[in-house]
Protein chains: 2
Amino acid sequence: MMAVPDPTTIDDLPTPALVIEQSVFEANLEAMDAVRPGTKLRPHVKAFKSTAMAARLAADGHTAFCCATPREVEGLVLAGLGRDVLLANESLDVARLGTLAGDGDLEANITIAIDSDATLDAAITGGVRSVLIDVEVGLPRCGCDPADAGRLADRARAVGLDVRGVMGYEGHLMMVEDRVERIERVESSMALLLAAAADVGGDIVSGGGTGTFDTNTWCTEIQAGSYTLLDTDYAKLDLPFEIALNVLGTVVSVSSKGWMIADTGLKSMGMDHGNPTWEGGDLFFLSDEHATLLPPEISDWSVGDRVRLQPAHIDPTIAKHEHLWLIDGDNIVDRWAIDLRYW
Amino acid sequence: MMAVPDPTTIDDLPTPALVIEQSVFEANLEAMDAVRPGTKLRPHVKAFKSTAMAARLAADGHTAFCCATPREVEGLVLAGLGRDVLLANESLDVARLGTLAGDGDLEANITIAIDSDATLDAAITGGVRSVLIDVEVGLPRCGCDPADAGRLADRARAVGLDVRGVMGYEGHLMMVEDRVERIERVESSMALLLAAAADVGGDIVSGGGTGTFDTNTWCTEIQAGSYTLLDTDYAKLDLPFEIALNVLGTVVSVSSKGWMIADTGLKSMGMDHGNPTWEGGDLFFLSDEHATLLPPEISDWSVGDRVRLQPAHIDPTIAKHEHLWLIDGDNIVDRWAIDLRYW
């Protein structure tokens with residue numbers, strides 16, 4: 001752990017600020033560990049973009065990570081967390097990763113996803129030596145036709161690459177609320193992936209996410225990150241995780257007309273899943289640097305009071321900030337840099 | 001201008017990247033200058049968060065700026081652009097600005113908005129010596145009751161502050177599409193502000209924005225920033241500005257099912273006003289690091305092709321990036337740091 005920084009309590013925190021309830025965060029990690037210990041989980045750092053948090057997960061035995069951007073991979077490797085890092089995404093900007101993988105001092109083992117001849121060519125010319133074949137399993141996004149996976153694997157092996165297996169992300173099923181329906185649909189989706197895995201070979205069948213961490217029993221490892229902190233979107237599901245992340249704000253204006261303004265605007269919040277939730281009352285609307293809040297009794301509130309908003313989507317929320325502040329009650333127990341932002 | 005950086009053409013730009021069509025940007029500046037020359041415009045740096053762009057506007061005579069955050073004020077002052085900077089927002093975190101204002105070497109003239117006794121107290125104890133009285137003119141956000149403005153001004157002057165006038169933001173009227181209706185409603189809104197101005201005194205009546213830059217004829221200065229680059233939301237109005245900012249992306253995956261994936265995900269885009277626009281076809285959906293695009297003919301597209309998306313809201317889009325790249329055709333002519341992010 002880092003030395004406890006100044007400020008020491010949340011009353012002194014400049015706002016808006018991201019605060020993590022340490023006890024809730026730790027309980028989330030335990031709930032995941034109970035189902036997905038060690039490398040049965042491949043934490044997805046895209047959710048939290050912090051090498052400090054990744055190091056915390058590695059300390060529990062989750063030593064293999066996955067990433068959505070080359071910069072996330074670079075950051076993990078340079079922080080000494082590159083023992084087994086997967087770029088679970090297609091990219092042509094991979095020569096920088098090949099350079100890292102070729103540096104013996106870094107002891108980095110970098111694998112990238114490929115789903116086409118073009119991305120395989122980028123891996124070859126970029127000097128990345130390990131790949132997973134990314135297979136489309138129902139989400140209209142990246143991933144090859146399952147029928148093409150074996151051919152890509154053969155081509156990769158023919159030029160000497162290590163083909164470690166397959167990945168396929170059933171992202172379209174993360175938010176299926178009915179658990180029985182979710183299991184059935186994940187099974188159908190994973191049948192596509194397993195068929196491709198049979199053609200491809202290798203040890204890894206990677207997929208899943210926070211929404212299917214326990215219902216996807218077909219993958220050898222689950223790519224999940226949101227479970228660490230959760231958000232109001234995932235909180236709708238029947239998951240054993242709780243919301244640990246809040247955006248802390250300061251009330252800067254109180255109107256006798258019944259509304260008040262906090263400095264937790266939309267520049268501090270991922271808005272793609274809609275407005276955050278304020279448990280103290282209704283949220284009227286957000287602007288760039290303001291949240292207009294409607295408390296039950298405006299007379300209860302004064303300029304300088306603090307509020308906490310729960311974001312609807314943690315990934316883009318965290319990507320807008322510089323730090324995560326771990327708190328225990330009102331005390332700040334650690335500050336983690338969000339050092340894996342950008343691309 | 002900075003030296004032209006590496007890369008020199010957009011083909012070499014890592015993506016996602018923010019690119020500005022220099023000719024469109026310059027035309028936007030000219031269109032604004034024609035109506036609001038010099039300090040009749042107070043450019044709002046919250047839109048673009050770049051001291052380099054602010055310096056470009058200052059070179060045209062727009063030497064007075066407004067800001068939404070203390071950090072924006074600090075950045076302008078430390079970049080030598082602090083001759084007349086307004087924090088057009090309520091904040092309790094203003095002692096840092098008082099320190100800057102008190103440093104004679106910086107030649108900074110900092111004014112902050114106040115709308116309550118508490119924010120006036122913060123200005124006094126924080127050492128900021130100039131204020132505007134912020135008046136609520138119909139937008140449910142900051143601003144005092146117009147009837148209270150004179151009292152706050154008297155209290156401020158009684159302790160020796162310079163009360164420069166009033167501000168009031170008719171943000172609820174920016175997007176009124178019918179021009180005649182917009183003018184009528186802005187006039188009603190500004191009647192509230194002018195009544196408060198009569199009570200407050202001072203030279204400044206500050207308000208407006210890109211949507212009312214020419215229809216708000218009651219303010220002595222207009223607070224506008226979006227006009228520089230525009231977005232698809234403002235482009236709906238009858239304004240003489242064009243979209244100059246695009247998010248440049250790379251196609252990383254092409255599916256025979258008819259969709260393709262660019263690396264311009266929602267972490268590279270302000271999403272509060274909805275999806276960006278892709279002129280090459282339909283945008284299906286965005287995820288954290290992906291845009292799923294539906295071109296008319298998928299066979300026209302290959303991995304490695306570039307796409308440009310027009311964001312719906314530039315302010316939060318820019319706040320997610322490190323640089324603005326000015327381009328002339330395919331050539332990069334400058335790189336501006338987005339150095340005023342965070343709070």
# chains A, B, ... in the order shown; residues from 1 in each chain; ligands from 1
$ interface_residues --of "chain A" --to "chain B" --cutoff "6 Å" --atoms "only C-alpha atoms" --output "ChimeraX atom specification"
/A:90-91,142,252-253,267,271-272,316
$ write_last_selection --atoms "N, CA and C atoms" --output "PDB file, in the first residue's frame"
ATOM      1  N   GLU A  90      -9.122  -6.403 -30.887  1.00  0.00           N
ATOM      2  CA  GLU A  90      -8.355  -6.295 -32.116  1.00  0.00           C
ATOM      3  C   GLU A  90      -7.674  -4.929 -32.166  1.00  0.00           C
ATOM      4  N   SER A  91      -6.442  -4.913 -32.630  1.00  0.00           N
ATOM      5  CA  SER A  91      -5.710  -3.657 -32.784  1.00  0.00           C
ATOM      6  C   SER A  91      -4.645  -3.838 -33.853  1.00  0.00           C
ATOM      7  N   CYS A 142     -16.464  -7.473 -32.525  1.00  0.00           N
ATOM      8  CA  CYS A 142     -15.326  -8.193 -33.090  1.00  0.00           C
ATOM      9  C   CYS A 142     -15.545  -9.706 -33.021  1.00  0.00           C
ATOM     10  N   VAL A 252     -22.913  23.387  -4.111  1.00  0.00           N
ATOM     11  CA  VAL A 252     -22.377  24.741  -4.307  1.00  0.00           C
ATOM     12  C   VAL A 252     -23.471  25.794  -4.397  1.00  0.00           C
ATOM     13  N   SER A 253     -24.723  25.363  -4.503  1.00  0.00           N
ATOM     14  CA  SER A 253     -25.819  26.333  -4.617  1.00  0.00           C
ATOM     15  C   SER A 253     -27.102  25.657  -4.154  1.00  0.00           C
ATOM     16  N   LYS A 267     -19.178  15.638 -16.831  1.00  0.00           N
ATOM     17  CA  LYS A 267     -17.765  15.400 -17.135  1.00  0.00           C
ATOM     18  C   LYS A 267     -17.109  14.508 -16.086  1.00  0.00           C
ATOM     19  N   MET A 271     -22.044   8.583 -18.991  1.00  0.00           N
ATOM     20  CA  MET A 271     -23.465   8.880 -19.199  1.00  0.00           C
ATOM     21  C   MET A 271     -24.134   7.940 -20.194  1.00  0.00           C
ATOM     22  N   ASP A 272     -23.391   7.002 -20.770  1.00  0.00           N
ATOM     23  CA  ASP A 272     -23.957   6.152 -21.820  1.00  0.00           C
ATOM     24  C   ASP A 272     -25.039   5.218 -21.306  1.00  0.00           C
ATOM     25  N   PRO A 316     -16.553   4.034 -18.084  1.00  0.00           N
ATOM     26  CA  PRO A 316     -16.281   5.390 -18.573  1.00  0.00           C
ATOM     27  C   PRO A 316     -16.237   6.431 -17.461  1.00  0.00           C
TER      28      PRO A 316
END
$ select_by_dssp --residues "region 88-122 of chain A" --states "alpha helix (DSSP H)" --output "ChimeraX atom specification"
/A:95-101,117-122
$ write_last_selection --atoms "N, CA and C atoms" --output "mmCIF file, in the first residue's frame"
data_model
loop_
_atom_site.group_PDB
_atom_site.id
_atom_site.type_symbol
_atom_site.label_atom_id
_atom_site.label_comp_id
_atom_site.auth_asym_id
_atom_site.auth_seq_id
_atom_site.Cartn_x
_atom_site.Cartn_y
_atom_site.Cartn_z
ATOM 1 N N ALA A 95 2.836 -3.150 -32.591
ATOM 2 C CA ALA A 95 4.298 -3.245 -32.618
ATOM 3 C C ALA A 95 4.890 -2.795 -31.281
ATOM 4 N N ARG A 96 4.230 -1.789 -30.654
ATOM 5 C CA ARG A 96 4.706 -1.342 -29.338
ATOM 6 C C ARG A 96 4.642 -2.467 -28.301
ATOM 7 N N LEU A 97 3.686 -3.399 -28.468
ATOM 8 C CA LEU A 97 3.588 -4.524 -27.542
ATOM 9 C C LEU A 97 4.633 -5.576 -27.873
ATOM 10 N N GLY A 98 4.906 -5.741 -29.155
ATOM 11 C CA GLY A 98 5.957 -6.672 -29.547
ATOM 12 C C GLY A 98 7.301 -6.262 -28.972
ATOM 13 N N THR A 99 7.561 -4.968 -28.954
ATOM 14 C CA THR A 99 8.810 -4.461 -28.381
ATOM 15 C C THR A 99 8.910 -4.808 -26.898
ATOM 16 N N LEU A 100 7.791 -4.611 -26.185
ATOM 17 C CA LEU A 100 7.784 -4.944 -24.751
ATOM 18 C C LEU A 100 7.970 -6.442 -24.534
ATOM 19 N N ALA A 101 7.258 -7.238 -25.362
ATOM 20 C CA ALA A 101 7.327 -8.691 -25.193
ATOM 21 C C ALA A 101 8.736 -9.207 -25.462
ATOM 22 N N ASP A 117 -7.174 -12.069 -41.107
ATOM 23 C CA ASP A 117 -5.806 -12.137 -41.638
ATOM 24 C C ASP A 117 -5.065 -10.833 -41.367
ATOM 25 N N ALA A 118 -5.784 -9.719 -41.444
ATOM 26 C CA ALA A 118 -5.126 -8.429 -41.237
ATOM 27 C C ALA A 118 -4.607 -8.286 -39.807
ATOM 28 N N THR A 119 -5.401 -8.709 -38.823
ATOM 29 C CA THR A 119 -4.921 -8.584 -37.439
ATOM 30 C C THR A 119 -3.851 -9.642 -37.129
ATOM 31 N N LEU A 120 -3.933 -10.795 -37.786
ATOM 32 C CA LEU A 120 -2.846 -11.774 -37.653
ATOM 33 C C LEU A 120 -1.556 -11.206 -38.248
ATOM 34 N N ASP A 121 -1.656 -10.580 -39.421
ATOM 35 C CA ASP A 121 -0.470 -9.964 -40.032
ATOM 36 C C ASP A 121 0.130 -8.903 -39.106
ATOM 37 N N ALA A 122 -0.743 -8.126 -38.445
ATOM 38 C CA ALA A 122 -0.242 -7.098 -37.526
ATOM 39 C C ALA A 122 0.513 -7.726 -36.362
#
$ calpha_fit_and_write --fixed "chain B" --moving "chain A" --output "short mmCIF file (atom, residue, chain, number, x, y, z; two decimals) with C-alpha atoms, in the first residue's frame"
data_model
loop_
_atom_site.label_atom_id
_atom_site.label_comp_id
_atom_site.auth_asym_id
_atom_site.auth_seq_id
_atom_site.Cartn_x
_atom_site.Cartn_y
_atom_site.Cartn_z
CA MET A 1 2.42 27.88 -33.12
CA MET A 2 4.20 24.84 -31.86
CA ALA A 3 6.63 23.04 -34.08
CA VAL A 4 4.77 20.55 -36.22
CA PRO A 5 4.95 17.30 -34.30
CA ASP A 6 5.46 13.76 -35.37
CA PRO A 7 3.22 12.28 -36.89
CA THR A 8 2.87 14.60 -39.87
CA THR A 9 -0.21 13.11 -41.54
CA ILE A 10 -3.43 11.68 -40.16
CA ASP A 11 -2.52 8.28 -41.63
CA ASP A 12 0.10 8.02 -38.89
CA LEU A 13 -2.11 9.20 -36.02
CA PRO A 14 -2.77 6.68 -33.26
CA THR A 15 -6.52 6.35 -32.81
CA PRO A 16 -8.98 7.28 -31.44
CA ALA A 17 -7.87 10.87 -31.97
CA LEU A 18 -9.57 14.25 -32.05
CA VAL A 19 -8.98 16.06 -35.33
CA ILE A 20 -9.94 19.67 -36.10
CA GLU A 21 -10.41 20.82 -39.67
CA GLN A 22 -8.43 24.03 -39.46
CA SER A 23 -10.29 25.80 -42.27
CA VAL A 24 -13.68 25.11 -40.65
CA PHE A 25 -12.39 26.18 -37.24
CA GLU A 26 -11.03 29.43 -38.68
CA ALA A 27 -14.33 30.12 -40.46
CA ASN A 28 -16.18 29.60 -37.17
CA LEU A 29 -13.93 32.15 -35.47
CA GLU A 30 -14.56 34.66 -38.26
CA ALA A 31 -18.32 34.16 -38.06
CA MET A 32 -18.24 34.86 -34.32
CA ASP A 33 -15.88 37.84 -34.69
CA ALA A 34 -18.27 39.46 -37.13
CA VAL A 35 -20.94 39.65 -34.40
CA ARG A 36 -18.94 39.57 -31.18
CA PRO A 37 -15.51 41.15 -31.68
CA GLY A 38 -12.92 41.50 -28.92
CA THR A 39 -14.27 41.44 -25.39
CA LYS A 40 -17.90 41.41 -26.52
CA LEU A 41 -17.15 37.69 -26.50
CA ARG A 42 -15.83 36.01 -23.37
CA PRO A 43 -14.78 32.59 -24.75
CA HIS A 44 -15.82 29.74 -22.48
CA VAL A 45 -12.81 27.46 -22.15
CA LYS A 46 -14.89 24.69 -20.61
CA ALA A 47 -15.78 23.68 -24.17
CA PHE A 48 -12.21 23.04 -25.33
CA LYS A 49 -10.02 22.97 -22.18
CA SER A 50 -6.86 23.99 -24.00
CA THR A 51 -4.61 26.96 -23.27
CA ALA A 52 -3.25 26.68 -26.80
CA MET A 53 -6.72 27.23 -28.26
CA ALA A 54 -7.35 30.03 -25.78
CA ALA A 55 -4.14 31.70 -26.94
CA ARG A 56 -5.39 31.43 -30.53
CA LEU A 57 -8.60 33.25 -29.55
CA ALA A 58 -6.67 35.87 -27.56
CA ALA A 59 -4.63 36.59 -30.67
CA ASP A 60 -7.90 37.70 -32.30
CA GLY A 61 -8.60 40.08 -29.43
CA HIS A 62 -10.77 37.82 -27.26
CA THR A 63 -8.60 38.39 -24.22
CA ALA A 64 -11.22 37.92 -21.49
CA PHE A 65 -12.12 34.31 -20.74
CA CYS A 66 -14.61 32.41 -18.69
CA CYS A 67 -14.17 29.06 -16.98
CA ALA A 68 -16.29 26.42 -15.28
CA THR A 69 -13.65 25.01 -12.90
CA PRO A 70 -10.89 26.36 -10.68
CA ARG A 71 -8.35 24.31 -12.63
CA GLU A 72 -9.32 26.02 -15.88
CA VAL A 73 -8.72 29.39 -14.21
CA GLU A 74 -5.36 28.27 -12.83
CA GLY A 75 -4.25 26.95 -16.20
CA LEU A 76 -5.11 30.13 -18.05
CA VAL A 77 -3.35 32.29 -15.46
CA LEU A 78 -0.21 30.16 -15.47
CA ALA A 79 -0.20 30.25 -19.29
CA GLY A 80 -0.18 34.05 -19.21
CA LEU A 81 -3.82 34.35 -20.28
CA GLY A 82 -5.14 35.66 -16.97
CA ARG A 83 -5.66 39.32 -17.78
CA ASP A 84 -9.42 38.96 -17.16
CA VAL A 85 -10.60 35.49 -16.18
CA LEU A 86 -14.06 34.76 -14.83
CA LEU A 87 -14.94 31.60 -12.92
CA ALA A 88 -18.53 31.58 -14.19
CA ASN A 89 -19.54 29.04 -11.60
CA GLU A 90 -20.02 28.68 -7.89
CA SER A 91 -17.18 27.02 -5.99
CA LEU A 92 -15.95 26.78 -2.42
CA ASP A 93 -12.49 25.75 -3.64
CA VAL A 94 -11.33 29.28 -4.39
CA ALA A 95 -8.48 29.95 -1.98
CA ARG A 96 -6.15 28.53 -4.64
CA LEU A 97 -7.41 31.29 -6.97
CA GLY A 98 -6.94 33.95 -4.33
CA THR A 99 -3.30 32.89 -4.05
CA LEU A 100 -2.83 33.28 -7.80
CA ALA A 101 -4.64 36.62 -7.87
CA GLY A 102 -2.37 37.88 -5.10
CA ASP A 103 0.82 37.00 -6.99
CA GLY A 104 1.81 40.24 -8.68
CA ASP A 105 4.18 38.51 -11.08
CA LEU A 106 1.27 36.68 -12.72
CA GLU A 107 -0.69 39.86 -13.53
CA ALA A 108 -3.87 37.88 -13.05
CA ASN A 109 -7.28 39.47 -12.72
CA ILE A 110 -9.63 36.79 -11.41
CA THR A 111 -13.36 37.28 -10.94
CA ILE A 112 -15.68 34.65 -9.54
CA ALA A 113 -19.41 34.19 -9.62
CA ILE A 114 -21.27 34.16 -6.30
CA ASP A 115 -24.95 33.48 -5.69
CA SER A 116 -25.17 33.11 -1.89
CA ASP A 117 -23.72 34.31 1.38
CA ALA A 118 -21.75 31.08 1.57
CA THR A 119 -20.06 31.57 -1.80
CA LEU A 120 -19.44 35.24 -0.99
CA ASP A 121 -17.81 34.15 2.29
CA ALA A 122 -15.64 31.71 0.32
CA ALA A 123 -14.50 34.54 -1.96
CA ILE A 124 -13.70 36.78 1.01
CA THR A 125 -11.77 34.18 3.00
CA GLY A 126 -10.16 32.81 -0.18
CA GLY A 127 -8.71 36.17 -1.10
CA VAL A 128 -10.52 36.69 -4.40
CA ARG A 129 -11.23 40.38 -4.74
CA SER A 130 -13.61 40.60 -7.74
CA VAL A 131 -17.04 39.05 -8.09
CA LEU A 132 -20.05 38.90 -10.38
CA ILE A 133 -23.47 38.29 -8.88
CA ASP A 134 -24.84 35.14 -10.55
CA VAL A 135 -28.59 35.42 -11.11
CA GLU A 136 -31.03 32.61 -11.92
CA VAL A 137 -32.81 33.52 -15.14
CA GLY A 138 -34.91 30.41 -15.77
CA LEU A 139 -32.42 27.51 -15.90
CA PRO A 140 -32.80 25.35 -12.78
CA ARG A 141 -29.15 25.54 -11.80
CA CYS A 142 -26.96 28.09 -10.02
CA GLY A 143 -27.86 31.74 -9.54
CA CYS A 144 -29.58 33.73 -6.82
CA ASP A 145 -33.14 34.99 -6.83
CA PRO A 146 -32.99 38.22 -8.90
CA ALA A 147 -34.49 40.04 -5.91
CA ASP A 148 -31.51 39.03 -3.74
CA ALA A 149 -28.79 40.23 -6.13
CA GLY A 150 -28.62 43.80 -4.83
CA ARG A 151 -28.27 42.66 -1.23
CA LEU A 152 -25.37 40.33 -2.10
CA ALA A 153 -23.68 43.12 -4.05
CA ASP A 154 -24.02 45.53 -1.14
CA ARG A 155 -22.56 42.97 1.26
CA ALA A 156 -19.64 42.31 -1.09
CA ARG A 157 -18.86 46.00 -1.51
CA ALA A 158 -19.14 46.56 2.24
CA VAL A 159 -16.14 44.27 2.75
CA GLY A 160 -14.19 45.89 -0.05
CA LEU A 161 -14.78 43.54 -2.97
CA ASP A 162 -15.03 44.84 -6.52
CA VAL A 163 -18.51 43.93 -7.76
CA ARG A 164 -18.14 44.04 -11.53
CA GLY A 165 -21.77 43.32 -12.39
CA VAL A 166 -24.03 40.34 -12.99
CA MET A 167 -24.16 37.13 -14.95
CA GLY A 168 -27.09 34.87 -15.78
CA TYR A 169 -27.05 31.87 -18.08
CA GLU A 170 -30.17 31.18 -20.15
CA GLY A 171 -28.99 27.62 -20.82
CA HIS A 172 -32.55 26.32 -21.08
CA LEU A 173 -32.98 28.40 -24.25
CA MET A 174 -29.81 27.40 -26.15
CA MET A 175 -31.61 24.71 -28.13
CA VAL A 176 -34.88 26.49 -28.94
CA GLU A 177 -34.96 25.77 -32.66
CA ASP A 178 -37.32 28.53 -33.81
CA ARG A 179 -35.37 31.75 -33.98
CA VAL A 180 -38.29 34.09 -33.30
CA GLU A 181 -39.35 32.06 -30.27
CA ARG A 182 -35.73 31.97 -29.09
CA ILE A 183 -35.45 35.78 -29.26
CA GLU A 184 -38.71 36.28 -27.36
CA ARG A 185 -37.82 33.87 -24.61
CA VAL A 186 -34.25 35.21 -24.28
CA GLU A 187 -35.67 38.72 -23.93
CA SER A 188 -37.92 37.59 -21.05
CA SER A 189 -35.03 35.80 -19.40
CA MET A 190 -32.69 38.75 -19.78
CA ALA A 191 -35.31 41.10 -18.36
CA LEU A 192 -34.74 39.31 -15.05
CA LEU A 193 -30.98 39.80 -15.41
CA LEU A 194 -31.24 43.47 -16.34
CA ALA A 195 -33.47 44.15 -13.34
CA ALA A 196 -30.86 42.55 -11.12
CA ALA A 197 -28.11 44.50 -12.90
CA ALA A 198 -29.88 47.73 -12.02
CA ASP A 199 -29.75 46.74 -8.35
CA VAL A 200 -26.17 45.49 -8.49
CA GLY A 201 -24.36 48.09 -10.57
CA GLY A 202 -21.04 47.50 -12.28
CA ASP A 203 -20.21 47.40 -15.98
CA ILE A 204 -20.72 43.73 -16.84
CA VAL A 205 -23.89 41.92 -17.86
CA SER A 206 -22.59 38.49 -18.82
CA GLY A 207 -24.59 35.58 -20.22
CA GLY A 208 -25.51 33.74 -23.36
CA GLY A 209 -23.82 30.95 -25.21
CA THR A 210 -23.28 29.57 -28.68
CA GLY A 211 -27.03 29.07 -29.18
CA THR A 212 -27.87 32.70 -28.38
CA PHE A 213 -24.65 34.45 -29.45
CA ASP A 214 -26.51 36.80 -31.80
CA THR A 215 -30.04 36.70 -30.38
CA ASN A 216 -29.03 37.73 -26.86
CA THR A 217 -28.55 41.45 -27.48
CA TRP A 218 -29.00 42.43 -23.84
CA CYS A 219 -25.69 41.18 -22.42
CA THR A 220 -22.52 43.22 -22.66
CA GLU A 221 -20.58 40.02 -23.29
CA ILE A 222 -21.44 36.49 -24.42
CA GLN A 223 -20.03 33.33 -22.82
CA ALA A 224 -19.61 30.94 -25.74
CA GLY A 225 -17.17 28.14 -26.47
CA SER A 226 -18.88 25.47 -28.56
CA TYR A 227 -18.99 27.74 -31.63
CA THR A 228 -15.29 27.07 -32.18
CA LEU A 229 -15.77 23.41 -33.10
CA LEU A 230 -19.54 22.79 -32.95
CA ASP A 231 -21.24 19.40 -32.57
CA THR A 232 -24.25 17.63 -34.03
CA ASP A 233 -26.52 19.02 -31.32
CA TYR A 234 -25.73 22.67 -32.05
CA ALA A 235 -25.66 21.91 -35.79
CA LYS A 236 -29.48 21.50 -35.62
CA LEU A 237 -29.81 25.26 -35.10
CA ASP A 238 -29.64 28.06 -37.66
CA LEU A 239 -26.12 29.11 -36.62
CA PRO A 240 -23.32 30.27 -38.96
CA PHE A 241 -20.93 27.66 -37.55
CA GLU A 242 -19.96 24.25 -38.92
CA ILE A 243 -18.69 21.06 -37.33
CA ALA A 244 -14.89 21.24 -37.17
CA LEU A 245 -14.19 18.42 -34.71
CA ASN A 246 -14.21 14.73 -35.59
CA VAL A 247 -13.18 11.63 -33.69
CA LEU A 248 -10.84 9.77 -36.03
CA GLY A 249 -10.88 6.00 -35.74
CA THR A 250 -9.45 2.88 -37.32
CA VAL A 251 -11.47 -0.08 -38.57
CA VAL A 252 -10.18 -3.11 -36.63
CA SER A 253 -12.70 -5.76 -37.65
CA VAL A 254 -15.02 -6.32 -40.63
CA SER A 255 -17.80 -8.92 -40.47
CA SER A 256 -19.29 -10.64 -43.48
CA LYS A 257 -22.61 -10.17 -41.68
CA GLY A 258 -22.51 -6.52 -42.67
CA TRP A 259 -21.07 -4.65 -39.71
CA MET A 260 -17.60 -3.37 -38.95
CA ILE A 261 -15.86 -2.17 -35.82
CA ALA A 262 -13.93 1.05 -35.31
CA ASP A 263 -11.88 1.86 -32.23
CA THR A 264 -13.95 4.99 -31.49
CA GLY A 265 -15.79 3.71 -28.43
CA LEU A 266 -17.77 5.58 -25.83
CA LYS A 267 -14.65 6.26 -23.77
CA SER A 268 -13.57 8.56 -26.61
CA MET A 269 -16.93 10.32 -26.90
CA GLY A 270 -19.31 12.44 -24.82
CA MET A 271 -22.49 10.36 -24.73
CA ASP A 272 -24.89 12.57 -22.76
CA HIS A 273 -26.41 14.01 -25.94
CA GLY A 274 -26.60 10.59 -27.57
CA ASN A 275 -24.61 8.77 -30.20
CA PRO A 276 -22.20 10.43 -32.57
CA THR A 277 -22.99 10.63 -36.27
CA TRP A 278 -21.16 8.69 -38.94
CA GLU A 279 -21.67 10.17 -42.37
CA GLY A 280 -20.47 6.95 -44.04
CA GLY A 281 -23.53 5.00 -42.94
CA ASP A 282 -25.44 4.02 -39.82
CA LEU A 283 -24.02 3.75 -36.34
CA PHE A 284 -25.43 0.63 -34.68
CA PHE A 285 -24.09 1.07 -31.13
CA LEU A 286 -21.06 2.02 -29.09
CA SER A 287 -19.32 0.06 -26.37
CA ASP A 288 -16.41 1.14 -24.20
CA GLU A 289 -13.77 0.82 -26.92
CA HIS A 290 -15.80 -0.02 -30.03
CA ALA A 291 -18.21 1.55 -32.51
CA THR A 292 -20.26 -0.99 -34.45
CA LEU A 293 -20.90 0.63 -37.84
CA LEU A 294 -23.25 -0.41 -40.64
CA PRO A 295 -21.91 0.79 -44.00
CA PRO A 296 -24.08 0.57 -47.14
CA GLU A 297 -21.66 -1.96 -48.67
CA ILE A 298 -19.49 -3.90 -46.25
CA SER A 299 -17.36 -5.12 -49.14
CA ASP A 300 -16.10 -1.56 -49.59
CA TRP A 301 -14.32 -1.70 -46.24
CA SER A 302 -11.12 -3.30 -44.95
CA VAL A 303 -9.32 -3.55 -41.63
CA GLY A 304 -7.07 -0.51 -41.37
CA ASP A 305 -9.46 1.92 -43.06
CA ARG A 306 -10.13 5.18 -41.25
CA VAL A 307 -13.49 6.63 -40.20
CA ARG A 308 -14.54 9.97 -38.74
CA LEU A 309 -17.39 10.36 -36.27
CA GLN A 310 -19.04 13.64 -35.34
CA PRO A 311 -19.71 13.85 -31.60
CA ALA A 312 -23.09 15.02 -30.30
CA HIS A 313 -21.49 17.11 -27.53
CA ILE A 314 -17.96 18.43 -27.81
CA ASP A 315 -17.35 19.53 -24.21
CA PRO A 316 -17.29 16.06 -22.59
CA THR A 317 -15.76 14.55 -25.74
CA ILE A 318 -12.72 16.81 -25.56
CA ALA A 319 -12.42 16.28 -21.79
CA LYS A 320 -11.68 12.59 -22.49
CA HIS A 321 -8.61 13.17 -24.64
CA GLU A 322 -5.05 14.41 -24.30
CA HIS A 323 -4.63 16.26 -27.59
CA LEU A 324 -6.40 18.16 -30.33
CA TRP A 325 -4.83 17.62 -33.75
CA LEU A 326 -5.28 20.48 -36.23
CA ILE A 327 -5.40 19.21 -39.78
CA ASP A 328 -5.41 20.66 -43.29
CA GLY A 329 -6.57 17.86 -45.55
CA ASP A 330 -4.50 14.88 -44.49
CA ASN A 331 -1.67 16.99 -43.09
CA ILE A 332 -1.28 17.66 -39.39
CA VAL A 333 -0.51 21.33 -38.90
CA ASP A 334 -0.47 21.53 -35.11
CA ARG A 335 -1.09 19.63 -31.88
CA TRP A 336 -2.77 21.37 -28.97
CA ALA A 337 -2.63 19.86 -25.50
CA ILE A 338 -5.96 19.55 -23.72
CA ASP A 339 -4.33 20.77 -20.54
CA LEU A 340 -7.26 22.19 -18.57
CA ARG A 341 -9.03 18.93 -17.69
CA TYR A 342 -10.13 17.83 -14.22
CA TRP A 343 -11.11 20.21 -11.48
#
$ select_by_dssp --residues "region 158-318 of chain A" --states "strand (DSSP E or B)" --output "PyMOL selection string"
chain A and resi 162-168+204-207+221-222+245-254+260-262+277-278+282-287+290-294+306-310
$ decode --residues "region 252-263 of chain A" --atoms "C-alpha atoms" --output "PDB file, in the first residue's frame"
ATOM      1  CA  VAL A 252     -22.377  24.741  -4.307  1.00  0.00           C
ATOM      2  CA  SER A 253     -25.819  26.333  -4.617  1.00  0.00           C
ATOM      3  CA  VAL A 254     -29.198  25.871  -2.915  1.00  0.00           C
ATOM      4  CA  SER A 255     -32.347  27.411  -4.402  1.00  0.00           C
ATOM      5  CA  SER A 256     -35.435  28.318  -2.413  1.00  0.00           C
ATOM      6  CA  LYS A 257     -37.347  26.908  -5.378  1.00  0.00           C
ATOM      7  CA  GLY A 258     -36.463  23.434  -4.169  1.00  0.00           C
ATOM      8  CA  TRP A 259     -33.407  22.371  -6.123  1.00  0.00           C
ATOM      9  CA  MET A 260     -29.727  22.366  -5.290  1.00  0.00           C
ATOM     10  CA  ILE A 261     -26.557  22.043  -7.317  1.00  0.00           C
ATOM     11  CA  ALA A 262     -23.645  19.685  -6.746  1.00  0.00           C
ATOM     12  CA  ASP A 263     -20.364  19.826  -8.642  1.00  0.00           C
TER      13      ASP A 263
END
